Amino acid sequence: MSAYTNHNQDPRLHGIKTKIRVVPDFPKAGIMFQDITTLLLDPKAFKDTIDLFVERYKGKNISVVAGIEARGFIFGPPIALAIGAKFVPLRKPKKLPGKVISQEYILEYGRDCLEMHVGAVETGERAIVVDDLIATGGTLGAAMNLLERVGAEVVECACVIELPELKGRERLNGKPLYVLVEYFDI
């Protein structure tokens, strides 16, 4: 069964959900991979996705849209441009030139790390963190920690898809999470 987050059942949500392909056993057996590349192939569904986020954040005094590598780079920049904010990429180690700050985090299968340029975000800036999907919440949690360490206020995390059964929302320390579609029975 599936359910949408409460958007008063905006008709655009159905179109978005139907464009996300679920690929069984990728990248390994037992994983039901949520593939957003099929969403990107549909200009209307892709635009609707961006528009829903823009409608939520326009006029909310957001100055930073932080996108998590790599799919956060797809959704973050058009949202940032539309709301008049800067886009800050949060990358895997050794991908950003110059001085960076790092945040390690634990995944179910090991450790990983996100990095951000020193000086990209200033104390007091209001930020949202954007990614395509929240599963266990480790990556979003690391992204929030990185931003908060430099004095930013993380207003909310925004994802296209949530896998509620993996309880990632619980790892966000009470920070609001805005998602367009939820997938159950993963």
# chains A, B, ... in the order shown; residues from 1 in each chain; ligands from 1
call {"tool": "residues_around", "arguments": {"residues": "Cys113 (chain A)", "least_positions_apart": "6", "cutoff": "7 Å", "atoms": "only C-alpha atoms", "output": "NGL selection string"}}
result
:A and (92-93 or 102-105)
call {"tool": "closest_atom_pairs", "arguments": {"of": "region 43-143 of chain A", "to": "region 28-36 of chain A", "cutoff": "9 Å", "atoms": "only C-alpha atoms", "output": "tab-separated table"}}
result
residue	atom	partner	partner_atom	distance
A:Arg71	CA	A:Ile36	CA	8.7
A:Asp132	CA	A:Ile36	CA	7.7
A:Leu133	CA	A:Gln34	CA	8.2
call {"tool": "atom_distance", "arguments": {"atom1": "CA of Val181 (chain A)", "atom2": "CA of Ile161 (chain A)"}}
result
5.0 Å
call {"tool": "residues_around", "arguments": {"residues": "Ala127 (chain A)", "least_positions_apart": "2", "cutoff": "8 Å", "atoms": "only C-alpha atoms", "output": "list of chain:residue names"}}
result
A:Ile62, A:Ser63, A:Val64, A:Val65, A:Ala66, A:Glu125, A:Val129, A:Leu147, A:Ala152, A:Glu153, A:Val154, A:Val155, A:Glu156
call {"tool": "residues_around", "arguments": {"residues": "Leu96 (chain A)", "least_positions_apart": "3", "cutoff": "12 Å", "atoms": "only C-alpha atoms", "output": "list in words"}}
result
Glu69, Val88, Pro89, Leu90, Arg91, Lys92, Pro93, Lys99, Val100, Ile101, Ser102, Leu114, Glu115, Met116, His117, Val118 and Ala120 of chain A
call {"tool": "atom_distance", "arguments": {"atom1": "CA of Phe46 (chain A)", "atom2": "CA of Lys60 (chain A)"}}
result
22.4 Å
